[in-house]
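Just data_6.txt here, compact mmCIF, C-alpha atoms and all ligand atoms:
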# COMPACT_ATOMS: atom_id res chain seq x y z
CA MET A 1 -48.67 -8.59 96.75
CA VAL A 2 -48.24 -9.78 93.19
CA THR A 3 -51.39 -9.88 91.09
CA ILE A 4 -52.42 -12.56 88.63
CA ALA A 5 -52.01 -10.04 85.83
CA ASP A 6 -48.38 -9.45 86.92
CA LEU A 7 -47.73 -13.16 86.99
CA LEU A 8 -49.13 -13.60 83.48
CA THR A 9 -46.98 -10.75 82.20
CA GLN A 10 -43.96 -12.39 83.77
CA VAL A 11 -44.69 -15.59 81.85
CA GLU A 12 -44.79 -13.62 78.61
CA ASP A 13 -41.55 -11.89 79.52
CA SER A 14 -40.00 -15.31 80.15
CA TYR A 15 -40.70 -16.40 76.56
CA GLN A 16 -37.04 -17.03 75.68
CA ASP A 17 -36.28 -18.70 79.03
CA ILE A 18 -39.19 -21.07 78.57
CA ILE A 19 -38.01 -22.02 75.08
CA SER A 20 -34.44 -22.58 76.18
CA LEU A 21 -35.46 -24.62 79.26
CA GLN A 22 -37.56 -26.84 77.01
CA GLN A 23 -34.72 -27.14 74.48
CA ASN A 24 -32.27 -28.16 77.18
CA LEU A 25 -34.63 -30.86 78.43
CA VAL A 26 -35.33 -32.23 74.94
CA ARG A 27 -31.61 -32.31 74.15
CA ILE A 28 -31.01 -34.92 76.87
CA PRO A 29 -31.95 -38.15 75.08
CA SER A 30 -33.77 -40.10 77.80
CA VAL A 31 -34.92 -42.84 75.46
CA ASN A 32 -36.79 -45.72 77.04
CA THR A 33 -36.65 -48.92 74.98
CA GLY A 34 -38.24 -51.02 77.70
CA PHE A 35 -35.13 -53.23 77.95
CA MET A 36 -32.74 -52.56 80.81
CA PRO A 37 -30.42 -50.73 80.94
CA THR A 38 -32.50 -47.97 79.41
CA GLY A 39 -34.24 -44.67 80.08
CA ASN A 40 -31.28 -42.80 81.44
CA GLU A 41 -33.66 -40.37 83.12
CA THR A 42 -31.20 -39.33 85.85
CA PRO A 43 -29.41 -36.75 83.64
CA VAL A 44 -32.78 -35.07 82.96
CA CYS A 45 -33.47 -35.00 86.71
CA GLU A 46 -29.99 -33.61 87.38
CA PHE A 47 -30.44 -30.88 84.83
CA ALA A 48 -33.84 -29.91 86.24
CA SER A 49 -32.60 -30.16 89.81
CA ASP A 50 -29.64 -27.84 89.06
CA TRP A 51 -31.94 -25.40 87.32
CA LEU A 52 -34.29 -25.40 90.33
CA SER A 53 -31.43 -25.02 92.74
CA LYS A 54 -30.05 -21.99 90.84
CA ASN A 55 -33.51 -20.55 91.30
CA GLY A 56 -33.56 -21.30 95.02
CA ILE A 57 -35.80 -24.38 94.98
CA THR A 58 -34.70 -27.62 96.57
CA SER A 59 -35.36 -31.00 95.06
CA GLU A 60 -34.25 -34.59 95.35
CA ILE A 61 -33.61 -37.39 92.90
CA LEU A 62 -34.76 -40.88 93.86
CA GLU A 63 -33.32 -43.64 91.72
CA SER A 64 -35.33 -46.84 91.39
CA ALA A 65 -32.36 -48.42 89.56
CA PRO A 66 -29.03 -47.01 88.34
CA GLY A 67 -29.74 -44.18 85.90
CA ARG A 68 -33.48 -44.28 86.48
CA GLY A 69 -34.04 -41.14 88.49
CA ASN A 70 -37.31 -39.65 89.67
CA LEU A 71 -37.34 -35.94 90.43
CA ILE A 72 -39.27 -34.53 93.37
CA ALA A 73 -39.30 -30.82 94.15
CA ARG A 74 -41.26 -28.90 96.74
CA LEU A 75 -42.29 -25.31 97.39
CA PRO A 76 -43.16 -25.41 101.07
CA GLY A 77 -46.43 -24.00 102.36
CA ALA A 78 -47.38 -22.87 105.85
CA SER A 79 -49.02 -26.20 106.68
CA ASN A 80 -46.88 -29.27 106.30
CA ASN A 81 -49.30 -30.72 103.80
CA ALA A 82 -49.11 -30.72 100.05
CA GLY A 83 -52.04 -29.03 98.34
CA LEU A 84 -51.24 -29.78 94.71
CA LEU A 85 -48.95 -32.13 92.79
CA PHE A 86 -47.52 -31.27 89.38
CA MET A 87 -46.86 -34.54 87.51
CA SER A 88 -44.95 -35.38 84.34
CA HIS A 89 -42.42 -37.90 83.09
CA THR A 90 -38.85 -37.61 81.85
CA ASP A 91 -38.48 -40.63 79.55
CA VAL A 92 -39.31 -40.59 75.84
CA VAL A 93 -40.12 -43.28 73.29
CA PRO A 94 -37.41 -44.36 70.81
CA VAL A 95 -36.96 -42.69 67.43
CA GLU A 96 -37.79 -45.12 64.63
CA ASP A 97 -35.92 -43.56 61.74
CA ASP A 98 -33.74 -40.45 62.23
CA ASP A 99 -33.56 -39.85 58.48
CA LYS A 100 -37.27 -39.23 58.23
CA TRP A 101 -37.11 -36.32 60.68
CA ARG A 102 -36.94 -32.78 59.34
CA PHE A 103 -34.52 -31.88 62.14
CA ALA A 104 -32.33 -34.16 64.24
CA PRO A 105 -34.72 -35.63 66.84
CA PHE A 106 -32.76 -34.36 69.85
CA SER A 107 -31.82 -30.97 68.36
CA ALA A 108 -34.89 -29.17 69.75
CA THR A 109 -34.94 -26.99 66.66
CA VAL A 110 -37.33 -24.04 66.65
CA ALA A 111 -39.28 -23.61 63.40
CA GLU A 112 -42.73 -22.29 62.47
CA GLY A 113 -43.53 -21.36 66.05
CA ARG A 114 -42.85 -24.88 67.28
CA ILE A 115 -40.07 -26.78 69.02
CA PHE A 116 -39.28 -30.04 67.25
CA GLY A 117 -37.85 -33.05 69.04
CA ARG A 118 -38.62 -36.38 70.62
CA GLY A 119 -40.31 -35.69 73.92
CA ALA A 120 -41.13 -32.06 73.04
CA SER A 121 -44.81 -32.77 73.45
CA ASP A 122 -44.69 -36.02 75.45
CA CYS A 123 -43.88 -35.01 78.11
CA LYS A 124 -41.06 -32.48 78.45
CA GLY A 125 -43.31 -29.58 77.48
CA LEU A 126 -45.46 -30.13 80.55
CA LEU A 127 -42.37 -30.52 82.73
CA THR A 128 -41.00 -27.21 81.38
CA ALA A 129 -44.30 -25.45 82.10
CA GLN A 130 -44.49 -26.85 85.63
CA LEU A 131 -40.85 -26.02 86.46
CA MET A 132 -41.29 -22.49 85.16
CA ALA A 133 -44.57 -22.00 87.06
CA MET A 134 -42.92 -23.17 90.27
CA HIS A 135 -39.98 -20.84 89.68
CA ILE A 136 -42.14 -17.76 89.01
CA LEU A 137 -44.24 -18.41 92.13
CA ASN A 138 -41.09 -18.73 94.20
CA ARG A 139 -39.37 -15.70 92.66
CA ASN A 140 -42.33 -13.52 93.59
CA GLY A 141 -42.24 -14.74 97.17
CA VAL A 142 -45.85 -15.91 96.95
CA LYS A 143 -46.75 -17.31 100.37
CA LEU A 144 -48.44 -20.70 100.12
CA LYS A 145 -50.81 -22.19 102.67
CA ASP A 146 -50.17 -25.73 101.42
CA SER A 147 -47.07 -26.96 99.62
CA LEU A 148 -46.70 -27.31 95.88
CA LEU A 149 -45.07 -30.58 94.83
CA LEU A 150 -43.52 -31.42 91.50
CA ALA A 151 -42.79 -35.04 90.59
CA SER A 152 -41.40 -36.12 87.25
CA GLY A 153 -41.22 -39.87 86.89
CA ALA A 154 -39.06 -42.29 84.93
CA ASP A 155 -40.34 -45.13 82.79
CA GLU A 156 -43.83 -43.84 81.96
CA GLU A 157 -43.49 -45.12 78.42
CA HIS A 158 -42.90 -48.68 79.55
CA GLY A 159 -45.37 -49.12 82.34
CA GLY A 160 -43.90 -46.99 85.14
CA ARG A 161 -42.25 -49.78 87.11
CA TYR A 162 -39.18 -47.60 87.65
CA GLY A 163 -41.17 -44.39 87.91
CA PHE A 164 -44.53 -43.57 89.46
CA GLY A 165 -45.29 -47.26 90.01
CA TRP A 166 -42.15 -47.49 92.10
CA LEU A 167 -42.78 -44.17 93.87
CA ALA A 168 -46.35 -45.21 94.75
CA ASP A 169 -45.08 -48.50 96.20
CA ASN A 170 -41.95 -47.25 97.96
CA HIS A 171 -42.39 -43.55 98.71
CA PRO A 172 -46.11 -42.78 98.60
CA GLU A 173 -45.64 -40.04 101.24
CA LYS A 174 -43.37 -38.10 98.87
CA ILE A 175 -46.05 -37.77 96.22
CA ALA A 176 -49.08 -37.58 98.50
CA ALA A 177 -51.42 -34.71 97.63
CA PRO A 178 -55.19 -34.33 97.38
CA PHE A 179 -54.96 -33.15 93.76
CA ALA A 180 -52.60 -33.73 90.84
CA VAL A 181 -52.36 -32.42 87.31
CA ASN A 182 -50.65 -34.63 84.75
CA GLU A 183 -50.49 -35.32 81.02
CA GLY A 184 -53.38 -37.13 79.33
CA GLY A 185 -55.77 -34.27 78.59
CA GLY A 186 -55.91 -30.56 77.97
CA ASN A 187 -56.29 -30.68 74.20
CA VAL A 188 -59.15 -28.88 72.61
CA ILE A 189 -61.79 -30.41 70.43
CA ASP A 190 -64.07 -28.71 67.90
CA THR A 191 -67.60 -28.44 69.13
CA GLY A 192 -68.93 -28.44 65.57
CA ASP A 193 -70.38 -24.93 65.74
CA GLY A 194 -67.07 -23.09 65.30
CA GLY A 195 -66.25 -23.24 69.00
CA PHE A 196 -64.02 -25.49 71.05
CA ALA A 197 -64.05 -27.32 74.35
CA TYR A 198 -61.16 -28.47 76.46
CA ILE A 199 -60.94 -32.12 77.36
CA LEU A 200 -60.14 -32.75 81.00
CA GLY A 201 -58.64 -36.23 81.34
CA VAL A 202 -60.63 -37.77 84.20
CA GLY A 203 -59.92 -41.41 83.49
CA GLU A 204 -58.33 -44.08 81.39
CA LYS A 205 -59.54 -47.25 79.80
CA GLY A 206 -57.86 -50.38 81.06
CA ARG A 207 -55.52 -52.38 78.91
CA LEU A 208 -55.37 -56.14 78.96
CA GLN A 209 -53.65 -58.61 76.73
CA VAL A 210 -55.28 -61.92 75.86
CA GLU A 211 -53.17 -64.82 74.61
CA ILE A 212 -55.40 -67.30 72.84
CA ASP A 213 -53.86 -70.74 72.27
CA ILE A 214 -55.40 -72.65 69.44
CA LYS A 215 -54.60 -76.34 69.30
CA GLY A 216 -54.91 -78.81 66.45
CA SER A 217 -52.87 -81.88 65.66
CA SER A 218 -49.94 -82.15 63.36
CA SER A 219 -49.45 -84.28 60.28
CA HIS A 220 -47.44 -84.15 57.08
CA ALA A 221 -48.84 -81.46 54.78
CA SER A 222 -49.08 -83.99 51.94
CA VAL A 223 -51.76 -85.88 53.90
CA PRO A 224 -53.47 -83.00 55.72
CA TRP A 225 -56.59 -85.07 56.54
CA GLN A 226 -54.50 -87.03 59.05
CA GLY A 227 -54.12 -83.91 61.19
CA THR A 228 -56.25 -81.02 62.42
CA ASN A 229 -55.00 -77.73 61.04
CA ALA A 230 -54.98 -75.12 63.81
CA LEU A 231 -54.98 -72.38 61.15
CA TYR A 232 -58.60 -73.16 60.24
CA ARG A 233 -59.54 -72.81 63.89
CA LEU A 234 -57.63 -69.53 63.90
CA ALA A 235 -59.74 -68.41 60.93
CA GLN A 236 -62.90 -69.25 62.88
CA THR A 237 -61.59 -67.41 65.92
CA LEU A 238 -60.71 -64.31 63.92
CA LYS A 239 -64.07 -64.28 62.17
CA SER A 240 -65.83 -64.54 65.49
CA ILE A 241 -63.82 -61.63 66.92
CA GLU A 242 -64.44 -59.58 63.78
CA ILE A 243 -68.22 -59.89 64.03
CA TYR A 244 -68.31 -59.47 67.83
CA GLU A 245 -70.47 -56.52 68.80
CA PRO A 246 -69.41 -55.30 72.23
CA GLU A 247 -72.14 -54.13 74.54
CA ARG A 248 -72.79 -50.37 74.20
CA ASP A 249 -72.33 -48.36 77.37
CA THR A 250 -72.98 -44.67 77.89
CA SER A 251 -72.10 -44.33 81.55
CA ALA A 252 -68.88 -42.29 80.99
CA SER A 253 -69.33 -38.73 82.23
CA LEU A 254 -68.64 -37.28 78.77
CA PHE A 255 -72.04 -38.57 77.62
CA GLU A 256 -73.71 -36.18 80.04
CA HIS A 257 -71.95 -33.26 78.37
CA LEU A 258 -72.74 -33.81 74.72
CA SER A 259 -74.80 -30.63 74.63
CA ALA A 260 -71.42 -28.84 74.47
CA PHE A 261 -71.22 -30.31 70.96
CA ALA A 262 -74.74 -29.27 69.97
CA ILE A 263 -75.96 -32.84 70.40
CA GLU A 264 -79.28 -32.51 72.15
CA ASP A 265 -80.39 -36.16 72.11
CA LYS A 266 -79.63 -37.85 75.39
CA PRO A 267 -77.35 -40.74 74.44
CA SER A 268 -78.24 -44.24 75.55
CA PRO A 269 -76.83 -47.64 74.61
CA GLU A 270 -79.67 -47.83 72.07
CA THR A 271 -79.05 -44.46 70.42
CA ILE A 272 -75.29 -44.00 70.67
CA ASP A 273 -74.47 -45.71 67.35
CA ASP A 274 -76.84 -43.37 65.48
CA ILE A 275 -75.30 -40.34 67.18
CA ILE A 276 -71.82 -41.52 66.19
CA LEU A 277 -72.94 -42.24 62.62
CA GLN A 278 -74.31 -38.72 62.24
CA LEU A 279 -71.07 -37.27 63.58
CA GLU A 280 -68.80 -39.30 61.36
CA ASN A 281 -68.66 -36.84 58.50
CA LYS A 282 -68.94 -33.66 60.62
CA ASN A 283 -66.57 -34.27 63.50
CA VAL A 284 -64.43 -37.36 62.97
CA ARG A 285 -62.40 -36.86 66.11
CA LEU A 286 -65.42 -36.63 68.39
CA ALA A 287 -67.01 -39.61 66.65
CA SER A 288 -63.89 -41.66 67.34
CA ILE A 289 -63.80 -40.57 71.00
CA LEU A 290 -67.46 -41.48 71.53
CA LYS A 291 -66.92 -44.84 69.89
CA ALA A 292 -63.99 -45.64 72.17
CA LEU A 293 -65.88 -44.50 75.28
CA SER A 294 -69.02 -46.48 74.57
CA ARG A 295 -67.56 -50.00 74.41
CA MET A 296 -64.79 -52.40 75.22
CA THR A 297 -62.51 -53.11 72.26
CA LEU A 298 -61.05 -56.53 71.43
CA THR A 299 -58.42 -56.33 68.70
CA PRO A 300 -56.25 -59.16 67.34
CA THR A 301 -52.69 -57.88 66.91
CA ILE A 302 -50.16 -60.74 66.65
CA VAL A 303 -50.27 -64.26 65.32
CA LYS A 304 -47.56 -66.84 65.89
CA GLY A 305 -47.61 -70.40 64.65
CA GLY A 306 -46.51 -73.00 62.17
CA ILE A 307 -43.06 -74.50 62.23
CA LYS A 308 -42.43 -75.90 58.78
CA SER A 309 -43.83 -75.28 55.32
CA ASN A 310 -44.66 -78.99 54.87
CA SER A 311 -46.23 -79.61 58.30
CA VAL A 312 -49.84 -79.08 59.34
CA PRO A 313 -49.56 -76.67 62.30
CA GLU A 314 -50.81 -77.91 65.63
CA ALA A 315 -50.37 -74.79 67.74
CA ILE A 316 -51.16 -71.15 67.01
CA ARG A 317 -51.03 -68.27 69.45
CA LEU A 318 -53.19 -65.26 68.77
CA THR A 319 -52.54 -62.12 70.82
CA CYS A 320 -55.32 -59.58 71.30
CA ASP A 321 -55.28 -56.08 72.74
CA VAL A 322 -58.27 -55.30 74.97
CA ARG A 323 -59.35 -51.87 76.23
CA THR A 324 -61.96 -51.85 78.97
CA LEU A 325 -64.13 -49.06 80.33
CA PRO A 326 -63.47 -47.93 83.92
CA HIS A 327 -66.09 -50.23 85.50
CA GLN A 328 -65.39 -53.32 83.36
CA ASP A 329 -63.36 -55.87 85.32
CA ASP A 330 -61.69 -59.11 84.25
CA ALA A 331 -64.83 -61.08 85.06
CA TYR A 332 -66.57 -58.96 82.44
CA LEU A 333 -63.87 -59.76 79.89
CA VAL A 334 -64.06 -63.48 80.67
CA LYS A 335 -67.83 -63.40 80.15
CA GLU A 336 -67.41 -61.67 76.79
CA LEU A 337 -64.59 -63.96 75.67
CA SER A 338 -66.50 -67.11 76.50
CA GLN A 339 -69.27 -65.82 74.27
CA VAL A 340 -66.91 -64.88 71.41
CA LEU A 341 -64.99 -68.16 71.52
CA ASP A 342 -68.01 -70.35 72.19
CA GLY A 343 -68.10 -73.50 70.08
CA ILE A 344 -64.60 -73.21 68.62
CA PRO A 345 -62.69 -76.40 69.50
CA GLY A 346 -59.14 -76.50 70.84
CA ILE A 347 -59.16 -73.06 72.44
CA SER A 348 -57.69 -71.90 75.72
CA TYR A 349 -56.64 -68.43 76.79
CA GLU A 350 -54.82 -66.39 79.39
CA ILE A 351 -55.48 -62.80 80.39
CA ASP A 352 -52.74 -60.41 81.43
CA TYR A 353 -53.43 -57.04 83.01
CA MET A 354 -51.24 -54.28 81.60
CA ALA A 355 -53.10 -51.36 83.17
CA LYS A 356 -56.21 -51.21 85.29
CA PRO A 357 -58.92 -48.85 84.17
CA ASN A 358 -59.20 -45.86 86.51
CA ALA A 359 -61.04 -42.60 86.90
CA SER A 360 -61.48 -39.53 89.09
CA PRO A 361 -64.84 -37.77 89.43
CA PHE A 362 -65.46 -34.77 87.15
CA GLU A 363 -67.60 -32.62 89.47
CA THR A 364 -64.93 -31.36 91.86
CA SER A 365 -63.58 -28.04 93.08
CA PHE A 366 -60.30 -28.99 91.42
CA ALA A 367 -61.94 -29.24 87.99
CA LYS A 368 -63.44 -25.79 88.60
CA HIS A 369 -60.01 -24.43 89.47
CA ILE A 370 -58.50 -25.85 86.29
CA ARG A 371 -61.31 -24.40 84.25
CA SER A 372 -61.00 -20.94 85.73
CA ALA A 373 -57.17 -20.93 85.56
CA THR A 374 -57.45 -21.77 81.86
CA ALA A 375 -60.00 -19.02 81.21
CA THR A 376 -57.84 -16.49 83.08
CA SER A 377 -54.74 -17.50 81.13
CA LEU A 378 -56.53 -17.10 77.82
CA GLY A 379 -58.16 -13.82 78.86
CA MET A 380 -61.64 -15.32 78.50
CA ASP A 381 -64.62 -15.20 80.86
CA SER A 382 -64.95 -18.96 80.82
CA VAL A 383 -63.90 -21.95 78.75
CA PRO A 384 -66.04 -24.97 77.95
CA MET A 385 -64.60 -28.15 79.41
CA VAL A 386 -65.77 -31.74 79.07
CA PRO A 387 -64.58 -34.88 80.89
CA GLY A 388 -62.61 -37.34 78.77
CA ILE A 389 -61.54 -40.93 79.27
CA SER A 390 -58.42 -41.70 77.29
CA THR A 391 -57.81 -44.92 75.42
CA GLY A 392 -54.16 -44.92 76.43
CA PHE A 393 -52.83 -44.74 79.95
CA THR A 394 -50.49 -42.56 81.96
CA ASP A 395 -48.98 -42.44 85.43
CA SER A 396 -52.32 -41.12 86.72
CA ARG A 397 -53.31 -44.73 87.27
CA PHE A 398 -50.75 -44.88 90.10
CA THR A 399 -51.85 -41.72 91.93
CA ARG A 400 -55.63 -42.25 91.63
CA PRO A 401 -55.51 -45.38 93.83
CA LEU A 402 -53.57 -43.34 96.45
CA GLY A 403 -56.67 -41.17 96.77
CA THR A 404 -55.31 -38.29 94.70
CA ILE A 405 -57.87 -36.73 92.37
CA THR A 406 -55.74 -36.72 89.24
CA TYR A 407 -56.59 -34.98 86.02
CA GLY A 408 -54.84 -35.03 82.67
CA PHE A 409 -54.53 -31.42 81.63
CA SER A 410 -51.54 -30.03 79.76
CA ALA A 411 -53.42 -26.84 78.75
CA MET A 412 -52.48 -26.58 75.11
CA HIS A 413 -53.32 -23.38 73.28
CA PRO A 414 -56.70 -23.60 71.52
CA GLU A 415 -55.09 -22.53 68.25
CA ASP A 416 -52.47 -25.27 68.40
CA ASP A 417 -53.60 -28.29 66.38
CA PRO A 418 -53.10 -31.51 68.41
CA MET A 419 -52.94 -33.50 65.17
CA ILE A 420 -49.56 -31.99 64.22
CA SER A 421 -47.82 -32.78 67.53
CA PHE A 422 -47.07 -36.32 66.31
CA VAL A 423 -46.67 -37.71 69.81
CA HIS A 424 -44.62 -40.94 69.55
CA GLY A 425 -44.24 -40.27 65.80
CA THR A 426 -41.81 -38.70 63.36
CA ASN A 427 -41.33 -34.93 63.71
CA GLU A 428 -42.82 -34.69 67.21
CA SER A 429 -43.19 -31.05 68.19
CA ILE A 430 -44.99 -28.65 70.50
CA GLY A 431 -46.42 -25.23 69.65
CA ILE A 432 -44.62 -22.51 71.58
CA ASN A 433 -48.05 -20.95 72.17
CA SER A 434 -49.03 -24.16 73.99
CA LEU A 435 -45.88 -24.12 76.05
CA ILE A 436 -46.60 -20.54 77.13
CA ASN A 437 -50.28 -21.23 77.80
CA SER A 438 -49.43 -24.33 79.79
CA THR A 439 -46.99 -22.33 81.94
CA LYS A 440 -49.66 -19.69 82.57
CA VAL A 441 -52.31 -22.26 83.51
CA MET A 442 -50.00 -24.16 85.89
CA LEU A 443 -48.97 -20.89 87.52
CA VAL A 444 -52.49 -19.50 87.96
CA LEU A 445 -53.77 -22.89 89.11
CA ALA A 446 -51.11 -23.23 91.81
CA HIS A 447 -51.57 -19.61 92.85
CA ASN A 448 -55.36 -19.84 93.10
CA MET A 449 -55.30 -23.13 94.98
CA LEU A 450 -52.38 -22.55 97.31
CA ALA A 451 -51.64 -18.86 97.83
CA ASN A 452 -52.44 -17.48 101.25
ZN ZN A 501 -46.39 -39.27 78.06

Can you turn what I pasted into structure tokens?
Ligand SMILES: [Zn+2]
Amino acid sequence: MVTIADLLTQVEDSYQDIISLQQNLVRIPSVNTGFMPTGNETPVCEFASDWLSKNGITSEILESAPGRGNLIARLPGASNNAGLLFMSHTDVVPVEDDDKWRFAPFSATVAEGRIFGRGASDCKGLLTAQLMAMHILNRNGVKLKDSLLLASGADEEHGGRYGFGWLADNHPEKIAAPFAVNEGGGNVIDTGDGGFAYILGVGEKGRLQVEIDIKGSSSHASVPWQGTNALYRLAQTLKSIEIYEPERDTSASLFEHLSAFAIEDKPSPETIDDIILQLENKNVRLASILKALSRMTLTPTIVKGGIKSNSVPEAIRLTCDVRTLPHQDDAYLVKELSQVLDGIPGISYEIDYMAKPNASPFETSFAKHIRSATATSLGMDSVPMVPGISTGFTDSRFTRPLGTITYGFSAMHPEDDPMISFVHGTNESIGINSLINSTKVMLVLAHNMLAN
């Protein structure tokens, strides 16, 4: 029977194969603009499916629309049930300006121990690691008690309607598993005392969009007193949003783990601002995380209005981005908005849900497995791990409602700086050390959870 040490050695011996698999995936430009036809994820699925098939693993491609493939692969276990789901996505965000890139964005150039390219970090690196882990398990004939599933979805970057959203609605049985590991966590954060802790992505803030319509009445700009200028009401609205102090909330599970960062004071809504203030010059990243996790945010982002330079505008639309904590529902937002907009005449608004807030519990056997697989992969006795709620969202919001405990954990290498990955930016890249570590963690995790 193969030992964990053998498996880890095999990952190291697969160094070149891992790099070239990742390069091949990055070189397929599966750019998702959000406007159909787009994405073109099927060629990525076909490449991965061929690669799996050459390695004796069967998979299928489910298209939600022409060109928008979703890949599902399975290593069967003795029971008919899945025990673990590997999740990722195949689409990438557009490249803003090719000329600003050091290397062509779909060249997957290797330099300075990194692979550069759009999608290298988000999310083809995780897909590479999961494919390779599945392959190494299979190659060693490791007998599984429950099946290992791999699902890589389309359209994550534009809301998942053609990807996991579609799979969850139309083929939930194909992605059903008690546990899933996805993007959206697995970076390390400085603990402030020279150490580090991994962030396990247990949940995501919700995203809503508020369209505020501000009405006035029009007149010729030469006699402005005959009208009511909606821009002045806009100014009032903006001022009121600017000075709004959202309620502080310290119920996120991360607040119970601040001792990992040498913060001994128990945070409460009353003390959290002081804790953040003290952190601001020592650990900017943690300060920013704690700020985001202790409140809803309401941020004006777009203004539209005015039709003519010599007319008093009668209608302005102000768009705001809202991020809610996992337990804050739309009724909560309505209550807050009515307070913020109170007393400003001519206002009405509509709320649109873009993504519901969601979370999985942190104290689970699955979290323990991830923690120990990470320690084993790094050759450490244990690694510190804290639960994080991300401000963005991923496909995990589709699997959590299916009852799957889903964690964001891509298992980057602790020496790889997350700030230089430039996810969604120019010169996106992934450290090869992270790619290798991620492969090891996925492999050990699947082995420990599923092997007979
Ligand atoms: Zn992503």

Can you measure atom CA of Ala65 of chain A to atom CA of Leu52 of chain A for me? One decimal in Å is fine.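 Between atom CA of Ala65 of chain A and atom CA of Leu52 of chain A the gap works out to 23.1 Å.
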
I need the residue nearest Lys308 of chain A from this list: A:Lys124, A:Val210, A:Ser294, A:His220. Use all atoms listed in the file for the distance.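 Ranked by minimum distance to Lys308 of chain A, first place goes to A:His220.
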
If you count all atoms listed in the file, the residue of A:Arg285, A:Arg114, A:His158, A:Lys291 closest to ligand ZN 501 (chain A) turns out to be A:His158

Check which residues fall inside 8 Å of ligand ZN 501 (chain A) when counting all atoms listed in the file, and print them as a PyMOL selection string. chain A and resi 88-89+92+122-123+156-157+183-184+394

For the atom pair atom CA of Glu60 of chain A and atom CA of Gly125 of chain A, what is the interatomic distance in Å to one decimal place? 20.7 Å

If I wrap all listed atoms of segment 416-433 of chain A in a box with edges along x, y and z and add 4 Å on each side, what are its centre and edge lengths in Å to one decimal, as lines of an AutoDock Vina configuration file?
center_x = -47.5
center_y = -30.9
center_z = 67.8
size_x = 20.3
size_y = 28.0
size_z = 16.8

Considering only C-alpha atoms, return as a PyMOL selection string whatever protein or nucleic-acid residues lie within 8 Å of segment 382-389 of chain A, sequence-local ones (same chain, fewer than 4 positions apart) excluded. chain A and resi 185+196-205+252-254+257+260+293+359+362+371-372+374-376

Mind running segment 143-262 of chain A against segment 315-325 of chain A at 8 Å and telling me each contacting residue's nearest atom pair with the distance in Å (one decimal), counting all atoms listed in the file, chain and number ascending, as a tab-separated table?
residue	atom	partner	partner_atom	distance
A:Glu204	CA	A:Leu325	CA	7.7
A:Lys205	CA	A:Leu325	CA	5.0
A:Gly206	CA	A:Thr324	CA	4.8
A:Arg207	CA	A:Arg323	CA	4.7
A:Leu208	CA	A:Val322	CA	5.0
A:Gln209	CA	A:Asp321	CA	5.0
A:Val210	CA	A:Cys320	CA	5.1
A:Glu211	CA	A:Thr319	CA	4.7
A:Ile212	CA	A:Leu318	CA	5.1
A:Asp213	CA	A:Arg317	CA	4.7
A:Ile214	CA	A:Ile316	CA	5.1
A:Lys215	CA	A:Ala315	CA	4.8
A:Gly216	CA	A:Ala315	CA	6.2
A:Ser217	CA	A:Ala315	CA	7.8
A:Ala230	CA	A:Ala315	CA	6.1
A:Leu231	CA	A:Ile316	CA	7.1
A:Leu234	CA	A:Ile316	CA	7.4

Could you check which residues have any atom within 12 Å of (-43.3, -41.7, 65.2), counting only C-alpha atoms with coordinates taken straight from the file, and then list them as a list in words? Val92, Val93, Pro94, Val95, Glu96, Asp97, Asp98, Asp99, Lys100, Trp101, Pro105, Gly117, Arg118, Gly119, Asp122, Ile420, Ser421, Phe422, Val423, His424, Gly425, Thr426, Asn427, Glu428 and Ser429 of chain A

Find, counting all atoms listed in the file, the residue in A:Ile115, A:Ala104, A:Glu63, A:Val31 that gets nearest to Leu435 of chain A.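 Between A:Ile115, A:Ala104, A:Glu63, A:Val31, the residue approaching Leu435 of chain A most closely is A:Ile115.
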
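In this model, the gap between atom CA of Val26 of chain A and atom CA of Thr109 of chain A comes to 9.8 Å.
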
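Residue nearest Gly192 of chain A within the list A:Gln236, A:Gln226, A:Asn283, A:Glu245: A:Asn283 [criterion: smallest interatomic distance, all atoms listed in the file].
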
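By chain and then residue number, the residues within 8 Å of Tyr162 of chain A are A:Ser64, A:Ala65, A:Arg68, A:Ala154, A:Asp155, A:Trp166, A:Leu167, counting all atoms listed in the file and disregarding those fewer than 4 positions away in sequence.
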
Looking at all atoms listed in the file, which of A:Leu286, A:Val312, A:Leu8, A:Met354 is the one that sits closest to Thr228 of chain A?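 Nearest to Thr228 of chain A: A:Val312.
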
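With all atoms listed in the file as the basis for measurement, A:Leu378 is the residue among A:Glu264, A:Met449, A:Leu378, A:Ile432 that approaches Ala5 of chain A most closely.
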
Write out as a PyMOL selection string which residues come within 9 Å of Leu137 of chain A when counting all atoms listed in the file, dropping same-chain ones fewer than 6 positions away. chain A and resi 7+75+143+443+446-447

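The list of residues with at least one atom within 7 Å of segment 269-272 of chain A, based on only C-alpha atoms and without residues fewer than 3 positions apart in the same chain, reads A:Arg248, A:Asp249, A:Thr250, A:Ile275, A:Ile276.
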
All residues 7 Å or closer to Arg27 of chain A, all atoms listed in the file, same chain fewer than 6 positions away omitted, as a PyMOL selection string: chain A and resi 106-108
